[in-house]
Amino acid sequence: MNDLMSLLFETNAFQICKENEPFWLTSGTISPYYNNTHFLYGSPESAQELLDFIDIQLETVSKDSIPANLFEKVFTQYQKNAIYKIVIDSLKEFIEANTDLTSIDYISGGERRDWFFSILMAYFLKKPHITIYKDLSTVVSTYDFKETKTIEKLDNKRILHITDLINIVSSYVRAWIPAIESLGSKIITSIAVVDRMQGGSQTLKEHNIESFTLLQVDNILFKKAKELGIINENQLDMLNKYTENPDECMREFLIEHPEFLENALHSDNPKTVKRAKTCVEQNLYHL
């Protein structure tokens, strides 16, 4: 597990902010760390290349052609990239150890980052794969992706959903769970590569979904970062406080560093400005 933690840092799949420079998130909140779990594909560059490939596929070919094309890409990467191979092999072993695969009929993955992991899991575990698109449409492939077809009904099947990351699992609630239920089946188990430990697993439990994660963003991970010399004691202290109470931790930071919000509002980066304005307009930290 320590090797996998090291890979999070090596690939920048887990990034910790510089001291007193938390990341702006889309929601208008700030965080001392940021997850790009799909970077475990080998590197930020190779992960972006696959995302670009997926985007082109979505624009140019039929939905039932995409899974096979993706399988070819990720299987090639698995064969040639040592980091990705370690992650996939570890994920497979983890699933085999924590899941009764005889109770699973299908593996599913949602557009787009889930596919970095779900497609090869279907192949190695020899389970047919349900590819879920953002518009809630679905296609089903044989485990080797030699055949794919669009489906509208799949009665009483038990699904294992593979995802790259869970935080508050909004994608599950908005898309993945409804998509599977509209077919007449149910996600019974979720396996995430990384869990931000922000209540997502509890929400899944409320939907009667058993949840497991390969890696957790917690004090153990932060301690590892300190041991590797990636962060200092002040950064470690902020990360631990953030874990205990994210909103209060970041509220205290903004009170102690008013220039941070002011600089963001006048940033040259439009995304930063938009997120800072959201923070102020919605008074997210009750300042």
# chains A, B, ... in the order shown; residues from 1 in each chain; ligands from 1

call {"tool": "select_by_dssp", "arguments": {"residues": "region 12-177 of chain A", "states": "helix (DSSP H, G or I)", "output": "PyMOL selection string"}}
result
chain A and resi 37-41+44-60+66-80+82-98+101-103+115-125+170-177

call {"tool": "atom_distance", "arguments": {"atom1": "CA of Ile151 (chain A)", "atom2": "CA of Ala122 (chain A)"}}
result
17.6 Å

call {"tool": "atom_distance", "arguments": {"atom1": "CA of Arg112 (chain A)", "atom2": "CA of Leu51 (chain A)"}}
result
7.5 Å

call {"tool": "residues_around", "arguments": {"residues": "Ala179 (chain A)", "least_positions_apart": "4", "cutoff": "7 Å", "atoms": "only C-alpha atoms", "output": "count of residues only"}}
result
4

call {"tool": "select_by_dssp", "arguments": {"residues": "region 29-201 of chain A", "states": "strand (DSSP E)", "output": "VMD selection string"}}
result
chain A and resid 30 to 31 33 to 35 106 to 110 129 to 132 138 to 141 148 to 150 158 to 166 186 to 195

call {"tool": "write_last_selection", "arguments": {"atoms": "C-alpha atoms", "output": "mmCIF file, in the first residue's frame"}}
result
data_model
loop_
_atom_site.group_PDB
_atom_site.id
_atom_site.type_symbol
_atom_site.label_atom_id
_atom_site.label_comp_id
_atom_site.auth_asym_id
_atom_site.auth_seq_id
_atom_site.Cartn_x
_atom_site.Cartn_y
_atom_site.Cartn_z
ATOM 1 C CA ILE A 30 -10.912 25.906 -1.276
ATOM 2 C CA SER A 31 -8.883 22.851 -0.348
ATOM 3 C CA TYR A 33 -5.153 19.241 -1.694
ATOM 4 C CA TYR A 34 -6.451 18.184 -5.090
ATOM 5 C CA ASN A 35 -7.033 14.773 -6.620
ATOM 6 C CA TYR A 106 -21.655 -6.858 -14.610
ATOM 7 C CA ILE A 107 -19.026 -4.190 -14.053
ATOM 8 C CA SER A 108 -19.918 -0.598 -14.892
ATOM 9 C CA GLY A 109 -18.013 2.636 -15.347
ATOM 10 C CA GLY A 110 -19.197 6.178 -16.028
ATOM 11 C CA HIS A 129 -18.952 -4.160 -18.979
ATOM 12 C CA ILE A 130 -21.677 -1.515 -18.898
ATOM 13 C CA THR A 131 -20.433 1.782 -20.292
ATOM 14 C CA ILE A 132 -22.523 4.639 -18.888
ATOM 15 C CA THR A 138 -25.697 2.688 -21.781
ATOM 16 C CA VAL A 139 -23.999 0.077 -23.906
ATOM 17 C CA VAL A 140 -22.943 -3.418 -22.851
ATOM 18 C CA SER A 141 -19.741 -5.145 -23.952
ATOM 19 C CA THR A 148 -20.886 -4.202 -27.822
ATOM 20 C CA LYS A 149 -24.556 -3.334 -28.112
ATOM 21 C CA THR A 150 -26.892 -0.627 -26.913
ATOM 22 C CA ARG A 158 -26.157 -7.040 -9.869
ATOM 23 C CA ILE A 159 -23.602 -4.414 -10.773
ATOM 24 C CA LEU A 160 -20.154 -3.558 -9.442
ATOM 25 C CA HIS A 161 -19.355 0.055 -10.300
ATOM 26 C CA ILE A 162 -15.687 1.036 -10.602
ATOM 27 C CA THR A 163 -14.845 4.706 -10.139
ATOM 28 C CA ASP A 164 -11.672 6.741 -10.006
ATOM 29 C CA LEU A 165 -12.643 8.938 -7.060
ATOM 30 C CA ILE A 166 -15.451 9.475 -4.589
ATOM 31 C CA LYS A 186 -28.943 -2.235 -9.364
ATOM 32 C CA ILE A 187 -25.457 -1.198 -8.348
ATOM 33 C CA ILE A 188 -24.788 -3.298 -5.257
ATOM 34 C CA THR A 189 -21.090 -2.540 -4.785
ATOM 35 C CA SER A 190 -18.824 0.418 -5.493
ATOM 36 C CA ILE A 191 -15.039 0.217 -5.688
ATOM 37 C CA ALA A 192 -13.122 3.505 -5.819
ATOM 38 C CA VAL A 193 -9.430 3.922 -6.437
ATOM 39 C CA VAL A 194 -9.360 6.951 -4.101
ATOM 40 C CA ASP A 195 -11.804 8.175 -1.445
#

call {"tool": "residues_around", "arguments": {"residues": "Lys223 (chain A)", "least_positions_apart": "6", "cutoff": "10 Å", "atoms": "only C-alpha atoms", "output": "ChimeraX atom specification"}}
result
/A:229,231,233,236,239-240

call {"tool": "atom_distance", "arguments": {"atom1": "CA of Asp268 (chain A)", "atom2": "CA of Phe14 (chain A)"}}
result
25.0 Å

call {"tool": "residues_around", "arguments": {"residues": "Thr26 (chain A)", "least_positions_apart": "4", "cutoff": "9 Å", "atoms": "only C-alpha atoms", "output": "MDAnalysis selection string"}}
result
chainID A and resid 30 271:272 274:275

call {"tool": "write_last_selection", "arguments": {"atoms": "N, CA and C atoms", "output": "compact mmCIF listing (two decimals), in the first residue's frame"}}
result
# COMPACT_ATOMS: atom_id res chain seq x y z
N ILE A 30 -12.35 26.09 -1.14
CA ILE A 30 -10.91 25.91 -1.28
C ILE A 30 -10.49 24.66 -0.52
N LYS A 271 -11.04 31.31 -14.37
CA LYS A 271 -11.62 30.27 -13.53
C LYS A 271 -11.47 30.61 -12.05
N THR A 272 -10.31 31.12 -11.69
CA THR A 272 -10.07 31.50 -10.30
C THR A 272 -11.02 32.62 -9.89
N LYS A 274 -13.94 33.37 -11.17
CA LYS A 274 -15.31 32.85 -11.10
C LYS A 274 -15.54 32.09 -9.80
N ARG A 275 -14.58 31.29 -9.41
CA ARG A 275 -14.72 30.49 -8.19
C ARG A 275 -14.67 31.36 -6.95

call {"tool": "closest_residue", "arguments": {"among": "A:Met250, A:Ile230, A:Ile54, A:Val273", "to": "Ile66 (chain A)", "atoms": "only C-alpha atoms"}}
result
A:Ile54

call {"tool": "closest_residue", "arguments": {"among": "A:Leu7, A:Val169, A:Cys249, A:Leu221", "to": "Gly200 (chain A)", "atoms": "only C-alpha atoms"}}
result
A:Val169

call {"tool": "closest_residue", "arguments": {"among": "A:Tyr242, A:Tyr133, A:Phe212, A:Tyr143", "to": "Lys63 (chain A)", "atoms": "only C-alpha atoms"}}
result
A:Tyr133

call {"tool": "closest_residue", "arguments": {"among": "A:Ser185, A:Asn20, A:Asn156, A:Thr11", "to": "Val87 (chain A)", "atoms": "only C-alpha atoms"}}
result
A:Thr11

call {"tool": "closest_residue", "arguments": {"among": "A:Glu59, A:Asp3, A:Glu111, A:Asp64", "to": "Lys224 (chain A)", "atoms": "only C-alpha atoms"}}
result
A:Asp3

call {"tool": "residues_around", "arguments": {"residues": "Asp144 (chain A)", "least_positions_apart": "5", "cutoff": "8 Å", "atoms": "only C-alpha atoms", "output": "PyMOL selection string"}}
result
chain A and resi 122-123+126+128

call {"tool": "residues_around", "arguments": {"residues": "region 46-50 of chain A", "least_positions_apart": "6", "cutoff": "9 Å", "atoms": "only C-alpha atoms", "output": "ChimeraX atom specification"}}
result
/A:38-40,70,73-74,116

call {"tool": "write_last_selection", "arguments": {"atoms": "N, CA and C atoms", "output": "compact mmCIF listing (two decimals), in the first residue's frame"}}
result
# COMPACT_ATOMS: atom_id res chain seq x y z
N HIS A 38 -6.94 9.98 -12.17
CA HIS A 38 -6.68 9.43 -13.49
C HIS A 38 -5.21 9.58 -13.91
N PHE A 39 -4.43 10.41 -13.18
CA PHE A 39 -3.00 10.52 -13.48
C PHE A 39 -2.28 9.20 -13.20
N LEU A 40 -2.91 8.32 -12.42
CA LEU A 40 -2.33 7.00 -12.18
C LEU A 40 -2.28 6.16 -13.45
N LEU A 70 -11.52 2.06 -26.64
CA LEU A 70 -10.90 2.40 -25.37
C LEU A 70 -10.12 1.21 -24.79
N LYS A 73 -6.75 0.99 -26.23
CA LYS A 73 -5.84 2.01 -25.70
C LYS A 73 -5.34 1.67 -24.30
N VAL A 74 -6.27 1.33 -23.40
CA VAL A 74 -5.86 1.11 -22.00
C VAL A 74 -5.08 -0.19 -21.84
N PHE A 116 -10.94 4.74 -17.12
CA PHE A 116 -9.51 4.47 -16.97
C PHE A 116 -9.28 3.17 -16.21

call {"tool": "decode", "arguments": {"residues": "region 124-169 of chain A", "atoms": "N, CA and C atoms", "output": "compact mmCIF listing (two decimals), in the first residue's frame"}}
result
# COMPACT_ATOMS: atom_id res chain seq x y z
N PHE A 124 -10.07 -8.27 -16.87
CA PHE A 124 -9.31 -9.18 -16.02
C PHE A 124 -10.19 -10.02 -15.11
N LEU A 125 -11.35 -9.49 -14.75
CA LEU A 125 -12.27 -10.25 -13.88
C LEU A 125 -13.29 -11.04 -14.69
N LYS A 126 -13.18 -10.89 -16.03
CA LYS A 126 -14.05 -11.64 -16.95
C LYS A 126 -15.55 -11.41 -16.67
N LYS A 127 -15.89 -10.12 -16.55
CA LYS A 127 -17.28 -9.72 -16.39
C LYS A 127 -17.66 -8.77 -17.53
N PRO A 128 -18.87 -8.91 -18.09
CA PRO A 128 -19.28 -7.94 -19.11
C PRO A 128 -19.32 -6.53 -18.54
N HIS A 129 -19.11 -5.56 -19.41
CA HIS A 129 -18.95 -4.16 -18.98
C HIS A 129 -20.11 -3.30 -19.47
N ILE A 130 -20.66 -2.50 -18.54
CA ILE A 130 -21.68 -1.52 -18.90
C ILE A 130 -21.00 -0.15 -18.95
N THR A 131 -20.99 0.44 -20.12
CA THR A 131 -20.43 1.78 -20.29
C THR A 131 -21.57 2.78 -20.15
N ILE A 132 -21.47 3.66 -19.15
CA ILE A 132 -22.52 4.64 -18.89
C ILE A 132 -22.06 6.00 -19.38
N TYR A 133 -22.90 6.65 -20.18
CA TYR A 133 -22.60 7.99 -20.67
C TYR A 133 -23.32 9.04 -19.83
N LYS A 134 -22.86 10.28 -19.94
CA LYS A 134 -23.41 11.35 -19.11
C LYS A 134 -24.89 11.59 -19.36
N ASP A 135 -25.37 11.24 -20.56
CA ASP A 135 -26.79 11.41 -20.85
C ASP A 135 -27.62 10.23 -20.34
N LEU A 136 -26.97 9.35 -19.56
CA LEU A 136 -27.57 8.17 -18.93
C LEU A 136 -27.83 7.02 -19.90
N SER A 137 -27.40 7.15 -21.15
CA SER A 137 -27.50 6.02 -22.07
C SER A 137 -26.42 5.01 -21.73
N THR A 138 -26.62 3.76 -22.14
CA THR A 138 -25.70 2.69 -21.78
C THR A 138 -25.47 1.73 -22.95
N VAL A 139 -24.28 1.18 -22.98
CA VAL A 139 -24.00 0.08 -23.91
C VAL A 139 -23.32 -1.03 -23.10
N VAL A 140 -23.52 -2.27 -23.54
CA VAL A 140 -22.94 -3.42 -22.85
C VAL A 140 -21.96 -4.13 -23.76
N SER A 141 -20.78 -4.44 -23.20
CA SER A 141 -19.74 -5.15 -23.95
C SER A 141 -19.44 -6.48 -23.30
N THR A 142 -19.03 -7.44 -24.11
CA THR A 142 -18.48 -8.67 -23.55
C THR A 142 -17.18 -8.31 -22.84
N TYR A 143 -16.73 -9.16 -21.94
CA TYR A 143 -15.57 -8.81 -21.10
C TYR A 143 -14.33 -8.52 -21.94
N ASP A 144 -14.23 -9.13 -23.13
CA ASP A 144 -13.08 -8.88 -24.00
C ASP A 144 -13.32 -7.78 -25.01
N PHE A 145 -14.49 -7.16 -24.94
CA PHE A 145 -14.86 -6.01 -25.76
C PHE A 145 -14.89 -6.31 -27.26
N LYS A 146 -15.10 -7.57 -27.58
CA LYS A 146 -15.23 -7.94 -28.99
C LYS A 146 -16.63 -7.65 -29.52
N GLU A 147 -17.60 -7.58 -28.61
CA GLU A 147 -18.97 -7.27 -29.01
C GLU A 147 -19.54 -6.23 -28.06
N THR A 148 -20.23 -5.24 -28.62
CA THR A 148 -20.89 -4.20 -27.82
C THR A 148 -22.23 -3.89 -28.44
N LYS A 149 -23.22 -3.69 -27.60
CA LYS A 149 -24.56 -3.33 -28.11
C LYS A 149 -25.24 -2.37 -27.16
N THR A 150 -26.09 -1.54 -27.72
CA THR A 150 -26.89 -0.63 -26.91
C THR A 150 -27.99 -1.42 -26.22
N ILE A 151 -28.27 -1.07 -24.97
CA ILE A 151 -29.33 -1.77 -24.25
C ILE A 151 -30.30 -0.78 -23.62
N GLU A 152 -31.52 -1.19 -23.48
CA GLU A 152 -32.53 -0.40 -22.79
C GLU A 152 -33.13 -1.15 -21.62
N LYS A 153 -32.84 -2.46 -21.55
CA LYS A 153 -33.37 -3.27 -20.46
C LYS A 153 -32.36 -4.33 -20.05
N LEU A 154 -32.21 -4.48 -18.74
CA LEU A 154 -31.29 -5.49 -18.19
C LEU A 154 -31.84 -5.84 -16.81
N ASP A 155 -32.75 -6.78 -16.78
CA ASP A 155 -33.53 -7.03 -15.57
C ASP A 155 -32.76 -7.78 -14.49
N ASN A 156 -32.86 -7.24 -13.27
CA ASN A 156 -32.43 -7.93 -12.05
C ASN A 156 -30.97 -8.40 -12.07
N LYS A 157 -30.09 -7.55 -12.61
CA LYS A 157 -28.66 -7.87 -12.60
C LYS A 157 -27.97 -7.08 -11.48
N ARG A 158 -26.90 -7.65 -10.97
CA ARG A 158 -26.16 -7.04 -9.87
C ARG A 158 -24.86 -6.45 -10.41
N ILE A 159 -24.67 -5.16 -10.13
CA ILE A 159 -23.60 -4.41 -10.77
C ILE A 159 -22.54 -3.98 -9.76
N LEU A 160 -21.29 -4.13 -10.16
CA LEU A 160 -20.15 -3.56 -9.44
C LEU A 160 -19.69 -2.34 -10.22
N HIS A 161 -19.78 -1.17 -9.61
CA HIS A 161 -19.35 0.05 -10.30
C HIS A 161 -17.94 0.41 -9.86
N ILE A 162 -17.08 0.64 -10.86
CA ILE A 162 -15.69 1.04 -10.60
C ILE A 162 -15.55 2.52 -10.89
N THR A 163 -15.01 3.27 -9.94
CA THR A 163 -14.85 4.71 -10.14
C THR A 163 -13.44 5.14 -9.76
N ASP A 164 -13.01 6.25 -10.31
CA ASP A 164 -11.67 6.74 -10.01
C ASP A 164 -11.62 7.38 -8.63
N LEU A 165 -12.68 8.12 -8.26
CA LEU A 165 -12.64 8.94 -7.06
C LEU A 165 -14.05 9.12 -6.51
N ILE A 166 -14.19 9.05 -5.19
CA ILE A 166 -15.45 9.47 -4.59
C ILE A 166 -15.16 10.58 -3.58
N ASN A 167 -16.03 11.59 -3.61
CA ASN A 167 -16.01 12.62 -2.57
C ASN A 167 -17.42 12.71 -1.98
N ILE A 168 -18.32 13.45 -2.64
CA ILE A 168 -19.71 13.48 -2.18
C ILE A 168 -20.61 12.67 -3.11
N VAL A 169 -20.01 11.93 -4.04
CA VAL A 169 -20.65 10.99 -4.98
C VAL A 169 -21.84 11.60 -5.73
